[in-house]
Amino acid sequence: MAVGLDWASFERVLVDALVQAVRSTIAEHPDERFYAAALDRIYRETDGQITLPSLAMNSVEALAQLPAEEQTDVRWNAADWDHYDDEWLAEGLTRDWERQLAAEACRGTTRQWEATFRRYLSMLVRVCKRARVALRTSGVTDRDFVVLLLDDEYHETLIKRVLTEREVSRHIPEYDQRAVVMARVAALPEAERAAYYVARLDAFDGPISGEDTQVALRDLGPAAFPALIPLLSAKDRAWRAAKLLGPVLSIMEAR
């Protein structure tokens with residue numbers, strides 16, 4: 001009988017390695033006041049490879065070196081942080097655990113892979129929480145230092161799983177604003193909701209981005225047509241309207 005992945009050992013190894021890596025970085029830069037570490041960029045291929053995340057850290061001093069208008073964007077964007085390490089776990093261990101993780105995920109159907117990946121994310125959430133407690137308890141960091149889990153697909157969800165509600169409100173208040181706006185828009189009649197989303201299609205900031213509105217408009221289906229069809233005659237927006245209308249029309253034709 002095949003033995004599955006030892007999740008408990010996997011988690012313990014990652015917690016120990018994360019604590020040691022953060023401790024070492026802080027010791028190597030005694031003149032910097034670090035405010036966050038993050039496990040970032042989890043590469044995966046459905047029914048295939050799943051990698052360990054990279055480790056990023058940033059300090060108040062590094063942030064202060066940037067122009068004021070850039071600091072807000074960089075503060076929680078690990079890809080732009082001053083310290084970024086793809087090899088925070090010993091190279092041999094990284095390869096071994098990634099191999100075991102892939103074997104666990106790919107030993108059955110796509111559903112098995114998806115279940116394994118969800119379990120992996122849940123484990124990484126615990127790794128971040130446990131590492132943060134260990135660092136604070138040992139006096140390496142203070143209570144304001146956070147350890148995040150970042151992923152493009154599940155960005156907001158994972159941050160809210162790692163941080164408390166109060167911490168989210170303090171560090172990333174735009175998520176609170178987003179929840180309020182989303183609830184208000186969800187209460188609107190479908191036609192008004194579609195009109196709101198169409199008006200936000202080109203938005204790059206604010207509580208609801210253009211990417212969010214595209215997903216929302218697809219979810220509305222035919223109810224979004226009256227708001228989208230006029231865009232087909234707009235020179236710079238016709239391609240986006242066609243892109244959004246196409247999948248919905250295909251589903252309707254298939255029925």
# chains A, B, ... in the order shown; residues from 1 in each chain; ligands from 1
>>> residues_around(residues="A:Val140", least_positions_apart="4", cutoff="7 Å", atoms="only C-alpha atoms", output="VMD selection string")
chain A and resid 23 135 to 136
>>> write_last_selection(atoms="N, CA and C atoms", output="CSV table (one decimal), in the first residue's frame")
chain,number,residue,atom,x,y,z
A,23,ARG,N,14.9,34.9,10.9
A,23,ARG,CA,15.9,35.2,11.9
A,23,ARG,C,17.3,35.6,11.3
A,135,LEU,N,8.5,33.6,16.1
A,135,LEU,CA,9.4,34.7,16.0
A,135,LEU,C,9.1,35.8,17.1
A,136,ARG,N,7.8,36.0,17.3
A,136,ARG,CA,7.5,37.0,18.3
A,136,ARG,C,7.8,36.5,19.8
>>> select_by_dssp(residues="stretch 13-254 of chain A", states="helix (DSSP H, G or I)", output="JSON, numbers by chain")
{"A": [13, 14, 15, 16, 17, 18, 19, 20, 21, 22, 23, 24, 25, 26, 27, 28, 60, 61, 62, 63, 64, 68, 69, 70, 71, 72, 73, 74, 75, 78, 79, 80, 91, 92, 93, 94, 95, 96, 97, 98, 99, 100, 101, 102, 103, 104, 105, 110, 111, 112, 113, 114, 115, 116, 117, 118, 119, 120, 121, 122, 123, 124, 125, 126, 127, 128, 129, 130, 131, 132, 133, 134, 135, 136, 137, 155, 156, 157, 158, 159, 160, 161, 162, 165, 166, 167, 168, 169, 170, 171, 174, 175, 176, 177, 178, 179, 180, 181, 182, 183, 184, 185, 186, 190, 191, 192, 193, 194, 195, 196, 197, 198, 199, 210, 211, 212, 213, 214, 215, 216, 217, 218, 219, 220, 221, 222, 223, 224, 225, 226, 227, 228, 229, 230, 231, 232, 233, 238, 239, 240, 241, 242, 243, 244, 245, 246, 247, 248, 249, 250, 251, 252, 253, 254]}
>>> select_by_dssp(residues="stretch 16-183 of chain A", states="strand (DSSP E or B)", output="PDB file with N, CA, C and O atoms, in the first residue's frame")
ATOM      1  N   PHE A  34      12.384  45.425  10.090  1.00  0.00           N
ATOM      2  CA  PHE A  34      11.528  44.669   9.180  1.00  0.00           C
ATOM      3  C   PHE A  34      10.087  44.661   9.680  1.00  0.00           C
ATOM      4  O   PHE A  34       9.836  44.492  10.878  1.00  0.00           O
ATOM      5  N   TYR A  35       9.159  44.854   8.735  1.00  0.00           N
ATOM      6  CA  TYR A  35       7.749  44.880   9.119  1.00  0.00           C
ATOM      7  C   TYR A  35       6.968  43.673   8.596  1.00  0.00           C
ATOM      8  O   TYR A  35       5.846  43.418   9.052  1.00  0.00           O
ATOM      9  N   ALA A  36       7.557  42.920   7.657  1.00  0.00           N
ATOM     10  CA  ALA A  36       6.806  41.789   7.107  1.00  0.00           C
ATOM     11  C   ALA A  36       7.716  40.785   6.416  1.00  0.00           C
ATOM     12  O   ALA A  36       8.782  41.123   5.884  1.00  0.00           O
ATOM     13  N   ALA A  37       7.253  39.552   6.436  1.00  0.00           N
ATOM     14  CA  ALA A  37       7.795  38.483   5.593  1.00  0.00           C
ATOM     15  C   ALA A  37       6.611  37.883   4.859  1.00  0.00           C
ATOM     16  O   ALA A  37       5.475  37.968   5.326  1.00  0.00           O
ATOM     17  N   ALA A  38       6.868  37.283   3.715  1.00  0.00           N
ATOM     18  CA  ALA A  38       5.758  36.698   2.950  1.00  0.00           C
ATOM     19  C   ALA A  38       6.228  35.477   2.180  1.00  0.00           C
ATOM     20  O   ALA A  38       7.319  35.477   1.594  1.00  0.00           O
ATOM     21  N   LEU A  39       5.420  34.440   2.221  1.00  0.00           N
ATOM     22  CA  LEU A  39       5.600  33.317   1.305  1.00  0.00           C
ATOM     23  C   LEU A  39       4.852  33.701   0.036  1.00  0.00           C
ATOM     24  O   LEU A  39       3.644  33.923   0.065  1.00  0.00           O
ATOM     25  N   ASP A  40       5.574  33.772  -1.068  1.00  0.00           N
ATOM     26  CA  ASP A  40       5.030  34.401  -2.269  1.00  0.00           C
ATOM     27  C   ASP A  40       5.249  33.523  -3.496  1.00  0.00           C
ATOM     28  O   ASP A  40       6.203  32.758  -3.568  1.00  0.00           O
ATOM     29  N   ARG A  44       2.129  26.493  -9.977  1.00  0.00           N
ATOM     30  CA  ARG A  44       1.510  25.176 -10.088  1.00  0.00           C
ATOM     31  C   ARG A  44       0.984  24.952 -11.491  1.00  0.00           C
ATOM     32  O   ARG A  44       0.667  25.884 -12.222  1.00  0.00           O
ATOM     33  N   ILE A  50       3.633  21.359  -8.335  1.00  0.00           N
ATOM     34  CA  ILE A  50       3.296  22.407  -7.379  1.00  0.00           C
ATOM     35  C   ILE A  50       4.591  22.747  -6.655  1.00  0.00           C
ATOM     36  O   ILE A  50       5.254  21.859  -6.125  1.00  0.00           O
ATOM     37  N   SER A  54       8.390  31.334  -2.714  1.00  0.00           N
ATOM     38  CA  SER A  54       9.604  32.067  -2.377  1.00  0.00           C
ATOM     39  C   SER A  54       9.364  32.800  -1.061  1.00  0.00           C
ATOM     40  O   SER A  54       8.225  32.932  -0.608  1.00  0.00           O
ATOM     41  N   LEU A  55      10.446  33.274  -0.461  1.00  0.00           N
ATOM     42  CA  LEU A  55      10.342  34.047   0.774  1.00  0.00           C
ATOM     43  C   LEU A  55      10.793  35.474   0.513  1.00  0.00           C
ATOM     44  O   LEU A  55      11.907  35.704   0.029  1.00  0.00           O
ATOM     45  N   ALA A  56       9.932  36.422   0.822  1.00  0.00           N
ATOM     46  CA  ALA A  56      10.258  37.839   0.659  1.00  0.00           C
ATOM     47  C   ALA A  56      10.169  38.538   2.009  1.00  0.00           C
ATOM     48  O   ALA A  56       9.372  38.148   2.868  1.00  0.00           O
ATOM     49  N   MET A  57      11.019  39.559   2.191  1.00  0.00           N
ATOM     50  CA  MET A  57      10.969  40.364   3.410  1.00  0.00           C
ATOM     51  C   MET A  57      11.215  41.820   3.045  1.00  0.00           C
ATOM     52  O   MET A  57      11.915  42.108   2.071  1.00  0.00           O
ATOM     53  N   ASN A  58      10.632  42.717   3.821  1.00  0.00           N
ATOM     54  CA  ASN A  58      10.855  44.136   3.568  1.00  0.00           C
ATOM     55  C   ASN A  58      10.933  44.895   4.882  1.00  0.00           C
ATOM     56  O   ASN A  58      10.372  44.474   5.892  1.00  0.00           O
ATOM     57  N   SER A  59      11.646  46.025   4.830  1.00  0.00           N
ATOM     58  CA  SER A  59      11.851  46.827   6.036  1.00  0.00           C
ATOM     59  C   SER A  59      11.284  48.224   5.856  1.00  0.00           C
ATOM     60  O   SER A  59      11.050  48.688   4.731  1.00  0.00           O
ATOM     61  N   HIS A  83      14.253  42.159  -0.064  1.00  0.00           N
ATOM     62  CA  HIS A  83      14.881  40.840   0.136  1.00  0.00           C
ATOM     63  C   HIS A  83      13.953  39.775  -0.437  1.00  0.00           C
ATOM     64  O   HIS A  83      12.802  39.653  -0.016  1.00  0.00           O
ATOM     65  N   TYR A  84      14.470  39.002  -1.385  1.00  0.00           N
ATOM     66  CA  TYR A  84      13.648  37.985  -2.046  1.00  0.00           C
ATOM     67  C   TYR A  84      14.501  36.739  -2.235  1.00  0.00           C
ATOM     68  O   TYR A  84      15.574  36.798  -2.840  1.00  0.00           O
ATOM     69  N   ASP A  85      14.038  35.628  -1.718  1.00  0.00           N
ATOM     70  CA  ASP A  85      14.858  34.414  -1.683  1.00  0.00           C
ATOM     71  C   ASP A  85      14.063  33.219  -2.204  1.00  0.00           C
ATOM     72  O   ASP A  85      13.043  32.838  -1.635  1.00  0.00           O
ATOM     73  N   VAL A 146       4.344  40.971  10.554  1.00  0.00           N
ATOM     74  CA  VAL A 146       3.389  39.997  10.022  1.00  0.00           C
ATOM     75  C   VAL A 146       4.078  39.039   9.062  1.00  0.00           C
ATOM     76  O   VAL A 146       5.101  39.365   8.450  1.00  0.00           O
ATOM     77  N   VAL A 147       3.512  37.851   8.964  1.00  0.00           N
ATOM     78  CA  VAL A 147       3.980  36.844   8.008  1.00  0.00           C
ATOM     79  C   VAL A 147       2.793  36.506   7.121  1.00  0.00           C
ATOM     80  O   VAL A 147       1.775  35.985   7.601  1.00  0.00           O
ATOM     81  N   LEU A 148       2.904  36.823   5.840  1.00  0.00           N
ATOM     82  CA  LEU A 148       1.787  36.690   4.910  1.00  0.00           C
ATOM     83  C   LEU A 148       1.964  35.513   3.964  1.00  0.00           C
ATOM     84  O   LEU A 148       3.089  35.056   3.721  1.00  0.00           O
ATOM     85  N   LEU A 149       0.861  35.055   3.429  1.00  0.00           N
ATOM     86  CA  LEU A 149       0.855  34.092   2.331  1.00  0.00           C
ATOM     87  C   LEU A 149       0.200  34.787   1.150  1.00  0.00           C
ATOM     88  O   LEU A 149      -0.965  35.184   1.236  1.00  0.00           O
ATOM     89  N   LEU A 150       0.960  34.957   0.056  1.00  0.00           N
ATOM     90  CA  LEU A 150       0.476  35.733  -1.081  1.00  0.00           C
ATOM     91  C   LEU A 150       0.363  34.851  -2.323  1.00  0.00           C
ATOM     92  O   LEU A 150       1.245  34.042  -2.618  1.00  0.00           O
TER      93      LEU A 150
END
>>> closest_residue(among="A:Val19, A:Leu244, A:Ala186, A:Leu124", to="A:Gly221", atoms="only C-alpha atoms")
A:Leu244
>>> residues_around(residues="stretch 115-118 of chain A", least_positions_apart="4", cutoff="8 Å", atoms="only C-alpha atoms", output="list in words")
Ile50, Glu104, Ala105, Arg111 and Ser122 of chain A
>>> write_last_selection(atoms="N, CA and C atoms", output="PDB file, in the first residue's frame")
ATOM      1  N   ILE A  50       3.633  21.359  -8.335  1.00  0.00           N
ATOM      2  CA  ILE A  50       3.296  22.407  -7.379  1.00  0.00           C
ATOM      3  C   ILE A  50       4.591  22.747  -6.655  1.00  0.00           C
ATOM      4  N   GLU A 104       1.696  13.246  -4.486  1.00  0.00           N
ATOM      5  CA  GLU A 104       0.427  13.208  -3.761  1.00  0.00           C
ATOM      6  C   GLU A 104      -0.705  13.796  -4.604  1.00  0.00           C
ATOM      7  N   ALA A 105      -0.419  14.916  -5.270  1.00  0.00           N
ATOM      8  CA  ALA A 105      -1.451  15.605  -6.048  1.00  0.00           C
ATOM      9  C   ALA A 105      -1.841  14.836  -7.302  1.00  0.00           C
ATOM     10  N   ARG A 111      -9.622  16.123  -9.607  1.00  0.00           N
ATOM     11  CA  ARG A 111     -10.230  16.461  -8.315  1.00  0.00           C
ATOM     12  C   ARG A 111      -9.254  16.185  -7.172  1.00  0.00           C
ATOM     13  N   SER A 122      -3.907  25.501   2.882  1.00  0.00           N
ATOM     14  CA  SER A 122      -4.279  25.534   4.294  1.00  0.00           C
ATOM     15  C   SER A 122      -3.069  25.292   5.182  1.00  0.00           C
TER      16      SER A 122
END
>>> closest_residue(among="A:Asp212, A:Asp202, A:Glu70, A:Trp239", to="A:Glu153", atoms="only C-alpha atoms")
A:Asp212
>>> residues_around(residues="A:Asp152", least_positions_apart="3", cutoff="9 Å", atoms="only C-alpha atoms", output="PyMOL selection string")
chain A and resi 41-42+155-156
>>> write_last_selection(atoms="N, CA and C atoms", output="compact mmCIF listing (two decimals), in the first residue's frame")
# COMPACT_ATOMS: atom_id res chain seq x y z
N ARG A 41 4.36 33.66 -4.44
CA ARG A 41 4.48 33.06 -5.78
C ARG A 41 4.52 31.54 -5.73
N ILE A 42 3.34 30.94 -5.64
CA ILE A 42 3.20 29.48 -5.63
C ILE A 42 2.92 29.03 -7.06
N HIS A 155 -5.44 36.00 -3.53
CA HIS A 155 -4.73 37.02 -2.76
C HIS A 155 -5.50 37.47 -1.52
N GLU A 156 -6.68 38.02 -1.72
CA GLU A 156 -7.45 38.55 -0.60
C GLU A 156 -7.86 37.46 0.38
>>> atom_distance(atom1="atom CA of A:Pro207", atom2="atom CA of A:Arg33")
29.8 Å
>>> closest_residue(among="A:Ile172, A:Ile26, A:Ala8, A:Ala131", to="A:Asp73", atoms="only C-alpha atoms")
A:Ile172
>>> residues_around(residues="A:Ala90", least_positions_apart="2", cutoff="12 Å", atoms="only C-alpha atoms", output="PDB file with N, CA, C and O atoms, in the first residue's frame")
ATOM      1  N   VAL A  13       8.776  21.087   9.018  1.00  0.00           N
ATOM      2  CA  VAL A  13      10.007  21.477   8.317  1.00  0.00           C
ATOM      3  C   VAL A  13       9.900  22.908   7.797  1.00  0.00           C
ATOM      4  O   VAL A  13      10.841  23.706   7.920  1.00  0.00           O
ATOM      5  N   LEU A  14       8.756  23.261   7.225  1.00  0.00           N
ATOM      6  CA  LEU A  14       8.584  24.606   6.674  1.00  0.00           C
ATOM      7  C   LEU A  14       8.563  25.665   7.772  1.00  0.00           C
ATOM      8  O   LEU A  14       9.136  26.746   7.604  1.00  0.00           O
ATOM      9  N   ASP A  16      10.040  25.527  10.736  1.00  0.00           N
ATOM     10  CA  ASP A  16      11.408  25.677  11.245  1.00  0.00           C
ATOM     11  C   ASP A  16      12.285  26.444  10.260  1.00  0.00           C
ATOM     12  O   ASP A  16      13.061  27.328  10.660  1.00  0.00           O
ATOM     13  N   ALA A  17      12.159  26.117   8.977  1.00  0.00           N
ATOM     14  CA  ALA A  17      12.989  26.782   7.961  1.00  0.00           C
ATOM     15  C   ALA A  17      12.610  28.248   7.819  1.00  0.00           C
ATOM     16  O   ALA A  17      13.482  29.117   7.659  1.00  0.00           O
ATOM     17  N   LEU A  18      11.316  28.546   7.887  1.00  0.00           N
ATOM     18  CA  LEU A  18      10.856  29.930   7.755  1.00  0.00           C
ATOM     19  C   LEU A  18      11.343  30.771   8.932  1.00  0.00           C
ATOM     20  O   LEU A  18      11.840  31.892   8.746  1.00  0.00           O
ATOM     21  N   GLN A  20      13.937  30.221  10.811  1.00  0.00           N
ATOM     22  CA  GLN A  20      15.384  30.384  10.716  1.00  0.00           C
ATOM     23  C   GLN A  20      15.767  31.386   9.634  1.00  0.00           C
ATOM     24  O   GLN A  20      16.678  32.203   9.819  1.00  0.00           O
ATOM     25  N   ALA A  21      15.077  31.358   8.507  1.00  0.00           N
ATOM     26  CA  ALA A  21      15.389  32.278   7.412  1.00  0.00           C
ATOM     27  C   ALA A  21      15.105  33.721   7.801  1.00  0.00           C
ATOM     28  O   ALA A  21      15.900  34.632   7.515  1.00  0.00           O
ATOM     29  N   LEU A  52       7.186  25.065  -3.953  1.00  0.00           N
ATOM     30  CA  LEU A  52       7.232  25.815  -2.707  1.00  0.00           C
ATOM     31  C   LEU A  52       7.290  27.299  -3.044  1.00  0.00           C
ATOM     32  O   LEU A  52       7.891  27.678  -4.048  1.00  0.00           O
ATOM     33  N   ASP A  85      14.038  35.628  -1.718  1.00  0.00           N
ATOM     34  CA  ASP A  85      14.858  34.414  -1.683  1.00  0.00           C
ATOM     35  C   ASP A  85      14.063  33.219  -2.204  1.00  0.00           C
ATOM     36  O   ASP A  85      13.043  32.838  -1.635  1.00  0.00           O
ATOM     37  N   ASP A  86      14.546  32.627  -3.284  1.00  0.00           N
ATOM     38  CA  ASP A  86      13.915  31.426  -3.829  1.00  0.00           C
ATOM     39  C   ASP A  86      14.422  30.161  -3.149  1.00  0.00           C
ATOM     40  O   ASP A  86      13.874  29.075  -3.361  1.00  0.00           O
ATOM     41  N   GLU A  87      15.486  30.263  -2.364  1.00  0.00           N
ATOM     42  CA  GLU A  87      16.127  29.086  -1.777  1.00  0.00           C
ATOM     43  C   GLU A  87      16.221  29.207  -0.259  1.00  0.00           C
ATOM     44  O   GLU A  87      17.270  28.978   0.343  1.00  0.00           O
ATOM     45  N   TRP A  88      15.126  29.585   0.374  1.00  0.00           N
ATOM     46  CA  TRP A  88      15.122  29.713   1.837  1.00  0.00           C
ATOM     47  C   TRP A  88      15.082  28.362   2.534  1.00  0.00           C
ATOM     48  O   TRP A  88      15.403  28.245   3.715  1.00  0.00           O
ATOM     49  N   GLY A  92      18.224  20.609  -1.474  1.00  0.00           N
ATOM     50  CA  GLY A  92      17.837  19.201  -1.520  1.00  0.00           C
ATOM     51  C   GLY A  92      16.472  18.967  -0.918  1.00  0.00           C
ATOM     52  O   GLY A  92      15.671  18.186  -1.438  1.00  0.00           O
ATOM     53  N   LEU A  93      16.179  19.671   0.175  1.00  0.00           N
ATOM     54  CA  LEU A  93      14.873  19.540   0.814  1.00  0.00           C
ATOM     55  C   LEU A  93      13.768  20.088  -0.076  1.00  0.00           C
ATOM     56  O   LEU A  93      12.672  19.523  -0.152  1.00  0.00           O
ATOM     57  N   THR A  94      14.034  21.201  -0.746  1.00  0.00           N
ATOM     58  CA  THR A  94      13.031  21.786  -1.646  1.00  0.00           C
ATOM     59  C   THR A  94      12.633  20.791  -2.720  1.00  0.00           C
ATOM     60  O   THR A  94      11.444  20.541  -2.952  1.00  0.00           O
ATOM     61  N   ARG A  95      13.618  20.222  -3.375  1.00  0.00           N
ATOM     62  CA  ARG A  95      13.333  19.254  -4.448  1.00  0.00           C
ATOM     63  C   ARG A  95      12.572  18.050  -3.918  1.00  0.00           C
ATOM     64  O   ARG A  95      11.629  17.556  -4.549  1.00  0.00           O
ATOM     65  N   ASP A  96      12.980  17.556  -2.748  1.00  0.00           N
ATOM     66  CA  ASP A  96      12.359  16.356  -2.204  1.00  0.00           C
ATOM     67  C   ASP A  96      10.896  16.599  -1.840  1.00  0.00           C
ATOM     68  O   ASP A  96      10.020  15.804  -2.191  1.00  0.00           O
ATOM     69  N   TRP A  97      10.611  17.720  -1.156  1.00  0.00           N
ATOM     70  CA  TRP A  97       9.236  17.996  -0.761  1.00  0.00           C
ATOM     71  C   TRP A  97       8.357  18.329  -1.962  1.00  0.00           C
ATOM     72  O   TRP A  97       7.180  17.947  -2.007  1.00  0.00           O
TER      73      TRP A  97
END
>>> atom_distance(atom1="atom CA of A:Gln214", atom2="atom CA of A:Pro189")
17.7 Å
